[in-house]
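One file, my_file09.cif, is given below (mmCIF, N, CA and C atoms).
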```cif
data_entry
loop_
_atom_site.group_PDB
_atom_site.id
_atom_site.type_symbol
_atom_site.label_atom_id
_atom_site.label_comp_id
_atom_site.auth_asym_id
_atom_site.auth_seq_id
_atom_site.Cartn_x
_atom_site.Cartn_y
_atom_site.Cartn_z
ATOM 1 N N MET A 24 -6.531 218.196 -7.040
ATOM 2 C CA MET A 24 -7.833 217.797 -6.547
ATOM 3 C C MET A 24 -7.658 216.744 -5.467
ATOM 4 N N HIS A 25 -8.381 216.916 -4.379
ATOM 5 C CA HIS A 25 -8.313 215.975 -3.262
ATOM 6 C C HIS A 25 -9.218 214.780 -3.525
ATOM 7 N N ILE A 26 -8.715 213.586 -3.316
ATOM 8 C CA ILE A 26 -9.510 212.370 -3.461
ATOM 9 C C ILE A 26 -9.838 211.866 -2.066
ATOM 10 N N PRO A 27 -11.148 211.799 -1.714
ATOM 11 C CA PRO A 27 -11.527 211.308 -0.384
ATOM 12 C C PRO A 27 -11.028 209.891 -0.165
ATOM 13 N N SER A 28 -10.757 209.551 1.104
ATOM 14 C CA SER A 28 -10.242 208.220 1.421
ATOM 15 C C SER A 28 -11.310 207.145 1.259
ATOM 16 N N LYS A 29 -12.580 207.528 1.345
ATOM 17 C CA LYS A 29 -13.677 206.584 1.153
ATOM 18 C C LYS A 29 -14.465 207.002 -0.082
ATOM 19 N N PRO A 30 -15.097 206.032 -0.746
ATOM 20 C CA PRO A 30 -15.937 206.401 -1.891
ATOM 21 C C PRO A 30 -17.058 207.348 -1.454
ATOM 22 N N VAL A 31 -17.406 208.272 -2.312
ATOM 23 C CA VAL A 31 -18.465 209.239 -2.028
ATOM 24 C C VAL A 31 -19.644 208.922 -2.947
ATOM 25 N N PRO A 32 -20.839 208.764 -2.374
ATOM 26 C CA PRO A 32 -22.006 208.476 -3.214
ATOM 27 C C PRO A 32 -22.249 209.584 -4.242
ATOM 28 N N ALA A 33 -22.589 209.181 -5.450
ATOM 29 C CA ALA A 33 -22.858 210.147 -6.519
ATOM 30 C C ALA A 33 -23.977 211.099 -6.125
ATOM 31 N N GLU A 34 -24.948 210.617 -5.361
ATOM 32 C CA GLU A 34 -26.057 211.461 -4.931
ATOM 33 C C GLU A 34 -25.558 212.611 -4.048
ATOM 34 N N ALA A 35 -24.551 212.349 -3.227
ATOM 35 C CA ALA A 35 -23.974 213.399 -2.383
ATOM 36 C C ALA A 35 -23.288 214.450 -3.249
ATOM 37 N N VAL A 36 -22.543 214.004 -4.228
ATOM 38 C CA VAL A 36 -21.862 214.930 -5.142
ATOM 39 C C VAL A 36 -22.894 215.783 -5.868
ATOM 40 N N ASP A 37 -23.964 215.153 -6.337
ATOM 41 C CA ASP A 37 -25.014 215.871 -7.052
ATOM 42 C C ASP A 37 -25.678 216.928 -6.162
ATOM 43 N N LEU A 38 -25.994 216.556 -4.922
ATOM 44 C CA LEU A 38 -26.611 217.520 -4.002
ATOM 45 C C LEU A 38 -25.702 218.724 -3.752
ATOM 46 N N VAL A 39 -24.409 218.471 -3.568
ATOM 47 C CA VAL A 39 -23.466 219.567 -3.334
ATOM 48 C C VAL A 39 -23.341 220.440 -4.583
ATOM 49 N N GLU A 40 -23.291 219.824 -5.745
ATOM 50 C CA GLU A 40 -23.188 220.609 -6.984
ATOM 51 C C GLU A 40 -24.420 221.483 -7.200
ATOM 52 N N ARG A 41 -25.601 220.953 -6.869
ATOM 53 C CA ARG A 41 -26.842 221.701 -7.097
ATOM 54 C C ARG A 41 -27.148 222.717 -6.003
ATOM 55 N N HIS A 42 -26.770 222.402 -4.754
ATOM 56 C CA HIS A 42 -27.215 223.238 -3.636
ATOM 57 C C HIS A 42 -26.087 223.841 -2.805
ATOM 58 N N GLY A 43 -24.846 223.496 -3.093
ATOM 59 C CA GLY A 43 -23.724 224.037 -2.326
ATOM 60 C C GLY A 43 -23.850 223.676 -0.852
ATOM 61 N N PRO A 44 -23.513 224.595 0.041
ATOM 62 C CA PRO A 44 -23.553 224.311 1.480
ATOM 63 C C PRO A 44 -24.945 223.939 1.999
ATOM 64 N N GLN A 45 -25.990 224.345 1.282
ATOM 65 C CA GLN A 45 -27.354 224.000 1.687
ATOM 66 C C GLN A 45 -27.619 222.496 1.568
ATOM 67 N N ALA A 46 -26.777 221.789 0.818
ATOM 68 C CA ALA A 46 -26.950 220.342 0.666
ATOM 69 C C ALA A 46 -26.902 219.633 2.013
ATOM 70 N N LEU A 47 -26.071 220.115 2.916
ATOM 71 C CA LEU A 47 -25.972 219.495 4.233
ATOM 72 C C LEU A 47 -27.270 219.675 5.015
ATOM 73 N N LEU A 48 -27.866 220.842 4.938
ATOM 74 C CA LEU A 48 -29.142 221.092 5.606
ATOM 75 C C LEU A 48 -30.234 220.208 5.013
ATOM 76 N N ILE A 49 -30.252 220.091 3.705
ATOM 77 C CA ILE A 49 -31.235 219.234 3.033
ATOM 78 C C ILE A 49 -31.087 217.793 3.505
ATOM 79 N N ALA A 50 -29.862 217.313 3.553
ATOM 80 C CA ALA A 50 -29.616 215.930 3.965
ATOM 81 C C ALA A 50 -29.988 215.705 5.430
ATOM 82 N N ARG A 51 -29.644 216.658 6.291
ATOM 83 C CA ARG A 51 -29.979 216.516 7.716
ATOM 84 C C ARG A 51 -31.487 216.545 7.932
ATOM 85 N N THR A 52 -32.179 217.397 7.189
ATOM 86 C CA THR A 52 -33.637 217.457 7.292
ATOM 87 C C THR A 52 -34.258 216.136 6.833
ATOM 88 N N SER A 53 -33.768 215.606 5.731
ATOM 89 C CA SER A 53 -34.273 214.332 5.219
ATOM 90 C C SER A 53 -33.985 213.200 6.195
ATOM 91 N N LEU A 54 -32.821 213.235 6.840
ATOM 92 C CA LEU A 54 -32.478 212.236 7.848
ATOM 93 C C LEU A 54 -33.456 212.312 9.017
ATOM 94 N N ALA A 55 -33.739 213.510 9.497
ATOM 95 C CA ALA A 55 -34.672 213.680 10.610
ATOM 96 C C ALA A 55 -36.065 213.170 10.233
ATOM 97 N N GLN A 56 -36.500 213.452 9.022
ATOM 98 C CA GLN A 56 -37.810 212.990 8.567
ATOM 99 C C GLN A 56 -37.864 211.470 8.509
ATOM 100 N N ALA A 57 -36.803 210.860 8.024
ATOM 101 C CA ALA A 57 -36.755 209.396 7.953
ATOM 102 C C ALA A 57 -36.793 208.779 9.351
ATOM 103 N N ARG A 58 -36.049 209.371 10.273
ATOM 104 C CA ARG A 58 -36.057 208.874 11.657
ATOM 105 C C ARG A 58 -37.435 209.043 12.282
ATOM 106 N N ASP A 59 -38.045 210.207 12.067
ATOM 107 C CA ASP A 59 -39.386 210.456 12.610
ATOM 108 C C ASP A 59 -40.400 209.457 12.073
ATOM 109 N N ALA A 60 -40.228 209.058 10.817
ATOM 110 C CA ALA A 60 -41.137 208.100 10.190
ATOM 111 C C ALA A 60 -40.813 206.661 10.592
ATOM 112 N N GLY A 61 -39.694 206.473 11.302
ATOM 113 C CA GLY A 61 -39.297 205.125 11.703
ATOM 114 C C GLY A 61 -38.749 204.288 10.553
ATOM 115 N N ASP A 62 -38.311 204.953 9.506
ATOM 116 C CA ASP A 62 -37.782 204.270 8.316
ATOM 117 C C ASP A 62 -36.273 204.111 8.459
ATOM 118 N N GLU A 63 -35.863 202.979 8.995
ATOM 119 C CA GLU A 63 -34.439 202.746 9.271
ATOM 120 C C GLU A 63 -33.590 202.672 8.012
ATOM 121 N N VAL A 64 -34.147 202.123 6.946
ATOM 122 C CA VAL A 64 -33.396 201.991 5.696
ATOM 123 C C VAL A 64 -33.121 203.376 5.106
ATOM 124 N N ARG A 65 -34.163 204.187 5.035
ATOM 125 C CA ARG A 65 -33.990 205.550 4.507
ATOM 126 C C ARG A 65 -33.086 206.378 5.412
ATOM 127 N N ALA A 66 -33.218 206.203 6.720
ATOM 128 C CA ALA A 66 -32.369 206.936 7.660
ATOM 129 C C ALA A 66 -30.902 206.561 7.459
ATOM 130 N N ALA A 67 -30.629 205.287 7.266
ATOM 131 C CA ALA A 67 -29.243 204.847 7.053
ATOM 132 C C ALA A 67 -28.673 205.468 5.778
ATOM 133 N N ARG A 68 -29.493 205.551 4.739
ATOM 134 C CA ARG A 68 -29.058 206.171 3.478
ATOM 135 C C ARG A 68 -28.720 207.640 3.706
ATOM 136 N N TRP A 69 -29.579 208.357 4.422
ATOM 137 C CA TRP A 69 -29.339 209.773 4.660
ATOM 138 C C TRP A 69 -28.171 209.999 5.604
ATOM 139 N N GLU A 70 -27.947 209.095 6.550
ATOM 140 C CA GLU A 70 -26.766 209.209 7.420
ATOM 141 C C GLU A 70 -25.497 209.155 6.580
ATOM 142 N N THR A 71 -25.476 208.231 5.632
ATOM 143 C CA THR A 71 -24.323 208.108 4.728
ATOM 144 C C THR A 71 -24.144 209.389 3.918
ATOM 145 N N LEU A 72 -25.259 209.932 3.426
ATOM 146 C CA LEU A 72 -25.185 211.148 2.620
ATOM 147 C C LEU A 72 -24.756 212.354 3.457
ATOM 148 N N VAL A 73 -25.232 212.455 4.683
ATOM 149 C CA VAL A 73 -24.825 213.556 5.562
ATOM 150 C C VAL A 73 -23.312 213.518 5.761
ATOM 151 N N GLU A 74 -22.785 212.327 6.045
ATOM 152 C CA GLU A 74 -21.342 212.177 6.253
ATOM 153 C C GLU A 74 -20.562 212.543 4.983
ATOM 154 N N ALA A 75 -21.037 212.041 3.839
ATOM 155 C CA ALA A 75 -20.340 212.291 2.572
ATOM 156 C C ALA A 75 -20.389 213.775 2.201
ATOM 157 N N ILE A 76 -21.537 214.406 2.392
ATOM 158 C CA ILE A 76 -21.667 215.827 2.067
ATOM 159 C C ILE A 76 -20.769 216.650 2.978
ATOM 160 N N GLY A 77 -20.724 216.288 4.252
ATOM 161 C CA GLY A 77 -19.822 216.976 5.175
ATOM 162 C C GLY A 77 -18.380 216.868 4.727
ATOM 163 N N THR A 78 -18.003 215.691 4.261
ATOM 164 C CA THR A 78 -16.646 215.485 3.758
ATOM 165 C C THR A 78 -16.398 216.342 2.521
ATOM 166 N N LEU A 79 -17.351 216.316 1.595
ATOM 167 C CA LEU A 79 -17.191 217.116 0.374
ATOM 168 C C LEU A 79 -17.108 218.600 0.682
ATOM 169 N N LEU A 80 -17.969 219.083 1.541
ATOM 170 C CA LEU A 80 -17.949 220.507 1.873
ATOM 171 C C LEU A 80 -16.696 220.871 2.654
ATOM 172 N N GLY A 81 -16.250 219.991 3.528
ATOM 173 C CA GLY A 81 -15.007 220.233 4.259
ATOM 174 C C GLY A 81 -13.829 220.303 3.314
ATOM 175 N N ASP A 82 -13.801 219.394 2.339
ATOM 176 C CA ASP A 82 -12.740 219.405 1.340
ATOM 177 C C ASP A 82 -12.814 220.681 0.519
ATOM 178 N N HIS A 83 -14.020 221.091 0.164
ATOM 179 C CA HIS A 83 -14.199 222.306 -0.635
ATOM 180 C C HIS A 83 -13.731 223.526 0.161
ATOM 181 N N GLU A 84 -14.116 223.592 1.444
ATOM 182 C CA GLU A 84 -13.726 224.730 2.276
ATOM 183 C C GLU A 84 -12.216 224.777 2.476
ATOM 184 N N SER A 85 -11.601 223.613 2.678
ATOM 185 C CA SER A 85 -10.153 223.606 2.889
ATOM 186 C C SER A 85 -9.425 223.974 1.596
ATOM 187 N N GLN A 86 -9.946 223.537 0.454
ATOM 188 C CA GLN A 86 -9.347 223.895 -0.833
ATOM 189 C C GLN A 86 -9.496 225.400 -1.070
ATOM 190 N N THR A 87 -10.664 225.958 -0.740
ATOM 191 C CA THR A 87 -10.897 227.385 -0.920
ATOM 192 C C THR A 87 -9.949 228.186 -0.041
ATOM 193 N N ALA A 88 -9.770 227.748 1.187
ATOM 194 C CA ALA A 88 -8.869 228.456 2.110
ATOM 195 C C ALA A 88 -7.431 228.406 1.609
ATOM 196 N N ARG A 89 -7.028 227.272 1.049
ATOM 197 C CA ARG A 89 -5.652 227.145 0.538
ATOM 198 C C ARG A 89 -5.438 228.016 -0.695
ATOM 199 N N ASN A 90 -6.492 228.197 -1.504
ATOM 200 C CA ASN A 90 -6.354 228.954 -2.751
ATOM 201 C C ASN A 90 -6.603 230.446 -2.561
ATOM 202 N N ALA A 91 -7.085 230.845 -1.384
ATOM 203 C CA ALA A 91 -7.367 232.265 -1.139
ATOM 204 C C ALA A 91 -6.067 233.041 -1.027
ATOM 205 N N PRO A 92 -6.075 234.257 -1.547
ATOM 206 C CA PRO A 92 -4.856 235.067 -1.416
ATOM 207 C C PRO A 92 -4.612 235.459 0.033
ATOM 208 N N ALA A 93 -3.386 235.425 0.435
ATOM 209 C CA ALA A 93 -3.026 235.816 1.812
ATOM 210 C C ALA A 93 -3.163 237.312 1.954
ATOM 211 N N GLY A 94 -3.579 237.723 3.122
ATOM 212 C CA GLY A 94 -3.653 239.168 3.255
ATOM 213 C C GLY A 94 -4.575 239.574 4.250
#
```

Please go through the file and, once you have read it, give me the structure as structure tokens.
Amino acid sequence: MHIPSKPVPAEAVDLVERHGPQALLIARTSLAQARDAGDEVRAARWETLVEAIGTLLGDHESQTARNAPAG
């Protein structure tokens, strides 16, 4: 199992577990909504989650590619 170099928020892990790759879309949409509302605190939270989800999904994709049978 790959351990990310930075701590990953539990909320990011939960979103990925519940929604898979769609978690990134959910986070990006929430980030856009927070920015549109001018809510800097919420936007900063979603920016962190977008980055963490991207890391988790990237790790998942790279692990899947490594475990896939060659052929």

Quiz item: Which one of A:Ala50, A:Ala33, A:Leu79, A:Val39 sits closest to A:Ala66 if you count only C-alpha atoms?
Solution: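 For A:Ala66, the nearest of the given residues is A:Ala50.
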
Quiz item: At what distance in Å, to one decimal, does atom CA of A:Pro30 lie from atom CA of A:Arg51?
Solution: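 So the answer is 19.8 Å.
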
Exercise. Would you work out the distance separating atom C of A:Gly81 from atom N of A:Ser28, expressed in Å to one decimal?
Key: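 Here the two named atoms are 11.4 Å from each other.
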
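Of the residues under consideration (A:Lys29, A:Ala55, A:Val36, A:Arg41), A:Ala55 shows the shortest atom-to-atom contact distance to A:Glu70 when counting only C-alpha atoms.
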
Quiz item: Which polymer residues have any atom within 6.5 Å of an atom of A:Leu47, counting only N, CA and C atoms, with same-chain residues fewer than 5 positions away left out, as a list in words?
Solution: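 Final neighbour list, sorted by chain and number: Thr52, Val73, Ile76 and Gly77 of chain A.
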
Quiz item: Just how far from atom CA of A:Leu48 is atom N of A:Gly61, in Å to one decimal?
Solution: 18.9 Å

Would you compute, for all listed atoms of stretch 66-74 of chain A, the axis-aligned bounding box grown by 3 Å on each side, and then report its centre and edge lengths in Å rounded to one decimal, as AutoDock Vina command-line options?
```
--center_x -26.9 --center_y 209.2 --center_z 5.1 --size_x 18.7 --size_y 14.7 --size_z 11.0
```
